[in-house]
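Student: Just my_file06.cif, nothing more (mmCIF, C-alpha atoms):
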data_upload
#
loop_
_atom_site.label_atom_id
_atom_site.label_comp_id
_atom_site.auth_asym_id
_atom_site.auth_seq_id
_atom_site.Cartn_x
_atom_site.Cartn_y
_atom_site.Cartn_z
CA MET A 13 -0.17 -11.53 -11.22
CA PRO A 14 -0.03 -13.75 -8.11
CA ARG A 15 3.22 -13.75 -6.17
CA PRO A 16 4.45 -17.22 -5.21
CA THR A 17 5.59 -18.17 -1.73
CA LEU A 18 9.36 -18.75 -1.81
CA PRO A 19 11.97 -19.89 0.72
CA ILE A 20 13.51 -16.75 2.15
CA THR A 21 17.05 -18.18 1.95
CA ALA A 22 16.79 -18.40 -1.84
CA ALA A 23 14.09 -15.80 -2.37
CA PHE A 24 15.88 -13.56 -4.86
CA THR A 25 17.34 -16.25 -7.11
CA ASP A 26 14.19 -18.36 -7.03
CA TYR A 27 12.05 -15.39 -7.94
CA ILE A 28 14.31 -14.42 -10.84
CA ASP A 29 14.13 -18.01 -12.07
CA HIS A 30 10.32 -17.84 -11.76
CA ILE A 31 9.75 -14.60 -13.69
CA GLY A 32 12.74 -14.78 -16.01
CA ASP A 33 15.97 -12.84 -15.66
CA ARG A 34 15.40 -9.20 -16.68
CA THR A 35 19.09 -8.31 -16.50
CA ALA A 36 19.50 -8.05 -20.28
CA MET A 37 16.53 -5.67 -20.51
CA TYR A 38 17.94 -3.54 -17.71
CA GLU A 39 21.33 -3.48 -19.43
CA ALA A 40 19.71 -2.15 -22.61
CA VAL A 41 17.98 0.58 -20.59
CA ALA A 42 21.22 1.44 -18.78
CA ALA A 43 23.13 1.80 -22.04
CA HIS A 44 20.41 4.02 -23.50
CA THR A 45 19.90 6.29 -20.48
CA GLY A 46 23.19 6.45 -18.60
CA ALA A 47 21.19 6.29 -15.36
CA GLN A 48 23.01 5.65 -12.06
CA ARG A 49 20.41 6.04 -9.29
CA VAL A 50 17.33 3.86 -9.70
CA LEU A 51 14.04 3.76 -7.79
CA TYR A 52 11.93 0.58 -8.02
CA PRO A 53 8.49 0.87 -6.36
CA GLY A 54 6.63 -2.43 -6.24
CA SER A 55 9.86 -4.35 -6.76
CA TYR A 56 8.91 -7.43 -4.73
CA LEU A 57 11.99 -9.74 -5.07
CA ASP A 58 13.35 -8.62 -8.43
CA LEU A 59 16.96 -7.88 -7.47
CA ALA A 60 18.23 -7.83 -11.08
CA PRO A 61 18.49 -4.00 -11.21
CA SER A 62 21.34 -4.27 -8.69
CA PHE A 63 23.24 -6.43 -11.17
CA VAL A 64 23.21 -3.47 -13.59
CA TRP A 65 23.02 -0.24 -11.56
CA PRO A 66 25.26 0.67 -8.59
CA ASP A 67 22.58 2.45 -6.53
CA VAL A 68 19.04 1.04 -6.35
CA THR A 69 16.24 1.84 -3.92
CA TYR A 70 13.58 -0.88 -3.68
CA LEU A 71 10.13 -0.31 -2.22
CA ASP A 72 7.44 -2.89 -1.52
CA ALA A 73 4.70 -3.59 1.03
CA ASP A 74 4.75 -7.38 0.74
CA PRO A 75 5.98 -9.04 3.97
CA ARG A 76 7.99 -11.57 1.92
CA ALA A 77 9.98 -8.75 0.39
CA ARG A 78 10.51 -7.24 3.83
CA ARG A 79 11.87 -10.55 5.14
CA ALA A 80 14.16 -11.08 2.14
CA PHE A 81 15.63 -7.58 2.33
CA ALA A 82 15.87 -7.67 6.13
CA ASP A 83 19.36 -9.16 5.76
CA PRO A 84 21.08 -6.58 3.54
CA ASP A 85 24.21 -8.73 3.24
CA HIS A 86 22.29 -11.48 1.45
CA ALA A 87 21.08 -9.12 -1.27
CA ARG A 88 24.43 -7.33 -1.47
CA GLN A 89 26.46 -10.53 -1.81
CA LEU A 90 24.25 -11.75 -4.64
CA ALA A 91 24.58 -8.37 -6.38
CA VAL A 92 28.37 -8.38 -5.95
CA HIS A 93 28.52 -11.83 -7.52
CA ARG A 94 26.45 -10.80 -10.58
CA ARG A 95 27.17 -7.07 -10.94
CA ARG A 96 28.18 -5.47 -14.27
CA PHE A 97 29.93 -2.48 -12.65
CA PRO A 98 33.14 -2.12 -10.61
CA GLN A 99 31.99 -0.41 -7.41
CA ASP A 100 30.23 -2.00 -4.44
CA PRO A 101 26.45 -2.00 -4.92
CA ARG A 102 24.33 0.27 -2.79
CA ILE A 103 21.00 -1.38 -2.01
CA THR A 104 18.25 0.36 -0.03
CA PHE A 105 14.90 -1.22 0.82
CA LEU A 106 11.89 0.79 2.00
CA PRO A 107 8.88 -1.13 3.32
CA GLY A 108 5.46 0.25 2.56
CA ASP A 109 2.80 1.07 0.00
CA TYR A 110 4.34 3.27 -2.70
CA ALA A 111 1.15 5.33 -2.95
CA HIS A 112 2.01 6.72 0.49
CA THR A 113 5.74 6.07 0.99
CA LEU A 114 6.94 7.86 -2.15
CA ALA A 115 5.48 11.14 -0.93
CA ALA A 116 8.08 11.24 1.84
CA LEU A 117 11.09 10.67 -0.44
CA PRO A 118 13.30 13.49 -1.75
CA ALA A 119 12.14 15.18 -4.93
CA ASP A 120 14.28 14.98 -8.07
CA GLY A 121 16.50 12.37 -6.44
CA TRP A 122 16.61 9.53 -9.00
CA ASP A 123 17.64 9.06 -12.62
CA LEU A 124 15.27 6.19 -13.41
CA VAL A 125 12.00 4.81 -12.03
CA ILE A 126 11.02 1.20 -12.78
CA SER A 127 7.31 0.37 -12.97
CA LEU A 128 6.63 -3.28 -13.82
CA TYR A 129 3.44 -5.12 -12.81
CA ALA A 130 2.87 -2.82 -9.84
CA GLY A 131 0.07 -0.42 -10.79
CA PRO A 132 0.12 3.34 -11.49
CA VAL A 133 3.63 3.86 -10.12
CA SER A 134 4.36 6.83 -12.39
CA GLU A 135 1.60 8.93 -10.87
CA HIS A 136 3.26 8.74 -7.45
CA ALA A 137 6.94 8.52 -8.43
CA THR A 138 7.20 11.36 -10.96
CA ARG A 139 8.13 13.84 -8.23
CA CYS A 140 11.14 11.64 -7.39
CA LEU A 141 12.58 11.83 -10.91
CA ARG A 142 15.15 14.45 -11.75
CA PRO A 143 14.35 16.61 -14.82
CA GLY A 144 15.49 14.61 -17.82
CA GLY A 145 15.10 11.36 -15.86
CA TRP A 146 13.51 8.19 -17.16
CA LEU A 147 10.54 5.91 -16.55
CA LEU A 148 10.60 2.24 -17.54
CA ALA A 149 7.03 0.96 -17.53
CA ASN A 150 5.02 -1.88 -18.96
CA ASN A 151 1.35 -2.07 -19.80
CA SER A 152 0.24 -4.77 -17.36
CA HIS A 153 -1.56 -2.31 -15.08
CA ALA A 154 -1.80 0.48 -17.68
CA ASP A 155 1.11 2.52 -16.35
CA ALA A 156 2.61 2.85 -19.83
CA GLY A 157 -0.72 4.19 -21.06
CA LEU A 158 -0.94 6.57 -18.11
CA ALA A 159 2.56 7.88 -18.80
CA ALA A 160 1.69 8.39 -22.46
CA LEU A 161 -1.16 10.68 -21.35
CA ALA A 162 0.78 12.52 -18.64
CA PRO A 163 2.30 15.96 -19.27
CA GLY A 164 6.07 15.90 -19.32
CA TYR A 165 6.56 12.29 -20.41
CA ARG A 166 7.81 11.46 -23.91
CA LEU A 167 8.18 7.96 -25.31
CA THR A 168 11.83 7.43 -26.26
CA ALA A 169 12.08 3.65 -26.79
CA ALA A 170 10.19 0.38 -26.82
CA LEU A 171 11.67 -2.86 -25.52
CA HIS A 172 11.00 -6.29 -26.97
CA ASN A 173 11.93 -9.70 -25.63
CA ASP A 174 12.32 -12.06 -28.59
CA ARG A 175 12.89 -15.53 -27.11
CA GLY A 176 15.23 -14.23 -24.46
CA ARG A 177 16.98 -11.66 -26.67
CA HIS A 178 16.15 -8.12 -25.63
CA ARG A 179 15.89 -5.44 -28.28
CA LEU A 180 15.51 -1.69 -27.73
CA VAL A 181 13.75 0.21 -30.52
CA ALA A 182 14.21 3.99 -30.59
CA HIS A 183 12.86 4.82 -34.07
CA ARG A 184 9.38 5.05 -35.62
CA LEU A 185 7.90 5.33 -32.16
CA ASP A 186 4.65 6.70 -33.56
CA ARG A 187 3.73 3.06 -34.21
CA TYR A 188 3.52 2.35 -30.49
CA LEU A 189 0.80 3.05 -27.93
CA GLN A 190 -1.83 3.18 -30.66
CA PRO A 191 -5.03 1.49 -29.41
CA ARG A 192 -6.58 -1.27 -31.48
CA ARG A 193 -9.93 0.31 -30.73
CA PRO A 194 -9.53 4.10 -30.79
CA PRO A 195 -9.72 6.48 -29.13
CA HIS A 196 -7.19 5.91 -26.37
CA PRO A 197 -8.94 5.77 -22.97
CA MET A 198 -8.32 8.70 -20.69
CA ARG A 199 -6.75 8.48 -17.24
CA GLU A 200 -10.01 7.90 -15.37
CA GLU A 201 -10.98 5.01 -17.63
CA LEU A 202 -7.57 3.36 -17.28
CA HIS A 203 -7.86 3.60 -13.51
CA ARG A 204 -11.34 2.08 -13.63
CA ARG A 205 -10.13 -0.84 -15.74
CA GLY A 206 -7.01 -1.40 -13.66
CA ARG A 207 -5.22 -2.97 -16.60
CA GLY A 208 -3.68 -1.94 -19.89
CA ILE A 209 -5.48 -1.85 -23.22
CA ALA A 210 -4.52 -3.66 -26.43
CA TYR A 211 -2.20 -1.76 -28.75
CA THR A 212 -1.68 -2.35 -32.46
CA ARG A 213 2.06 -2.82 -31.89
CA PRO A 214 2.67 -4.00 -28.33
CA ALA A 215 6.05 -4.01 -26.58
CA ASP A 216 7.21 -5.76 -23.44
CA ALA A 217 8.11 -2.42 -21.85
CA TYR A 218 8.31 1.25 -22.75
CA LEU A 219 10.92 3.87 -21.87
CA PHE A 220 9.82 7.46 -21.31
CA GLN A 221 11.88 10.56 -20.59
CA TYR A 222 10.51 13.10 -18.17
CA ARG A 223 10.88 16.83 -18.62
CA PRO A 224 8.63 18.90 -16.34
CA ILE A 225 6.22 21.28 -18.00
CA THR A 226 7.02 24.81 -16.86
#
Kindly present the structure from the file in structure tokens form.
Tutor:
Amino acid sequence: MPRPTLPITAAFTDYIDHIGDRTAMYEAVAAHTGAQRVLYPGSYLDLAPSFVWPDVTYLDADPRARRAFADPDHARQLAVHRRRFPQDPRITFLPGDYAHTLAALPADGWDLVISLYAGPVSEHATRCLRPGGWLLANNSHADAGLAALAPGYRLTAALHNDRGRHRLVAHRLDRYLQPRRPPHPMREELHRRGRGIAYTRPADAYLFQYRPIT
């Protein structure tokens, strides 16, 4: 989806107003997972994770994100004002394309990876997840479908946004990620399409737990 040009001085708040505040969804994920350290490749200007989690690493190649995060105090002050936790927020921004930058990050270093509207993040970020860590992904660029096919990932919840009220569903998960036109495309086909497929019971986002196959 196209990214609008925003005044840098109000970039974070304006962007949240533009896309909708995802804080309630992140709070539901936090309560379900207990995650503390979060990695957000392709974050652009979505600072809402730092309202919920005390330690978030953002990664994006867009120059507007680089400019907005260039003043760490601006992001930190906004997070302090809207945080749901007692400690001072730790905010790290890494400029660059996640397909290359993630390879240089420590392995097993994060509890949760966020993948929303940014492409096949899971294929590059899995090495950064600790065993038992979590992936929050949507189906915009097929990353939820890719995770469903990947060894080690297990669907643990689906998230729905019903007119601004976020609901996490952790039962009868066999209803989800079922293609309207079976069979489910394989990884190569999802990459070729570059977008998600239609499912019989769609969700706004999906939560997977990662346990490496040994």
Student: Just so the selection is clear, what residues does the PyMOL selection byres ((chain A and resi 176) around 10) cover here, as a list in words?
Tutor: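 Checked against the file, the PyMOL selection byres ((chain A and resi 176) around 10) matches Gly32, Asp33, Arg34, Ala36, Met37, His172, Asn173, Asp174, Arg175, Arg177, His178 and Arg179 of chain A.
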Student: As an exercise, work out the distance from CA of Arg207 in chain A to CA of Ala43 in chain A in Å and give it to one decimal place.
Tutor: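 According to the coordinates, CA of Arg207 in chain A and CA of Ala43 in chain A are separated by 29.3 Å.
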Student: Starting from the PyMOL selection byres ((chain A and resi 156-165) around 7), expand the selection into actual residues of this file and give them as a list of chain:residue names.
Tutor: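 Applied to this file, the PyMOL selection byres ((chain A and resi 156-165) around 7) returns A:Ser134, A:Ala149, A:Asn150, A:Asn151, A:Ala154, A:Asp155, A:Arg166, A:Leu167, A:Arg199, A:Gly208, A:Tyr218, A:Phe220, A:Gln221, A:Tyr222, A:Arg223, A:Pro224, A:Ile225.
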Student: Taking only C-alpha atoms into account, name the residue in A:His112, A:Arg102, A:Arg96, A:Arg49 that is nearest to Asp72 in chain A.
Tutor: A:His112
Student: Kindly resolve the PyMOL selection byres ((chain A and resi 77) around 10) on the present coordinates and return the residues as an NGL selection string.
Tutor: :A and (20 or 23-24 or 54-58 or 70-76 or 78-82 or 105-107)
Student: Suppose you want the space between CA of Ala217 in chain A and CA of Ala137 in chain A; what is it in Å?
Tutor: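 Going from CA of Ala217 in chain A over to CA of Ala137 in chain A, I get 17.4 Å.
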Student: List the neighbours of range 113-127 of chain A out to 7 Å using all atoms listed in the file; skip same-chain residues closer than 2 positions along the sequence, and give me the result as a list of chain:residue names.
Tutor: A:Ala47, A:Gln48, A:Arg49, A:Val50, A:Leu51, A:Tyr52, A:Pro53, A:Gly108, A:Asp109, A:Tyr110, A:Ala111, A:Tyr129, A:Ala130, A:Val133, A:His136, A:Ala137, A:Arg139, A:Cys140, A:Leu141, A:Arg142, A:Pro143, A:Gly145, A:Trp146, A:Leu147, A:Leu148, A:Ala149, A:Asn150
Student: May I ask which of the residues A:Leu185, A:Met198, A:Leu171, A:Ile28 is the closest one to His44 in chain A, counting only C-alpha atoms?
Tutor: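 Between A:Leu185, A:Met198, A:Leu171, A:Ile28, the residue approaching His44 in chain A most closely is A:Leu171.
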Student: Please report the interatomic distance between CA of Pro101 in chain A and CA of Arg88 in chain A in Å with one decimal.
Tutor: 6.7 Å
Student: Extract, using all atoms listed in the file, all DNA, RNA and protein residues at most 9 Å from Pro197 in chain A, discarding same-chain residues fewer than 5 positions from it, and format them as a list of chain:residue names.
Tutor: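 The contact residues come out as A:Gly157, A:Pro191, A:Leu202, A:Ile209.
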Student: For the selection just defined, write its residues with C-alpha atoms to a file, as a CSV table (one decimal), keeping the file's coordinate frame.
Tutor:
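Saved result, part_33.csv, follows:
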chain,number,residue,atom,x,y,z
A,157,GLY,CA,-0.7,4.2,-21.1
A,191,PRO,CA,-5.0,1.5,-29.4
A,202,LEU,CA,-7.6,3.4,-17.3
A,209,ILE,CA,-5.5,-1.8,-23.2
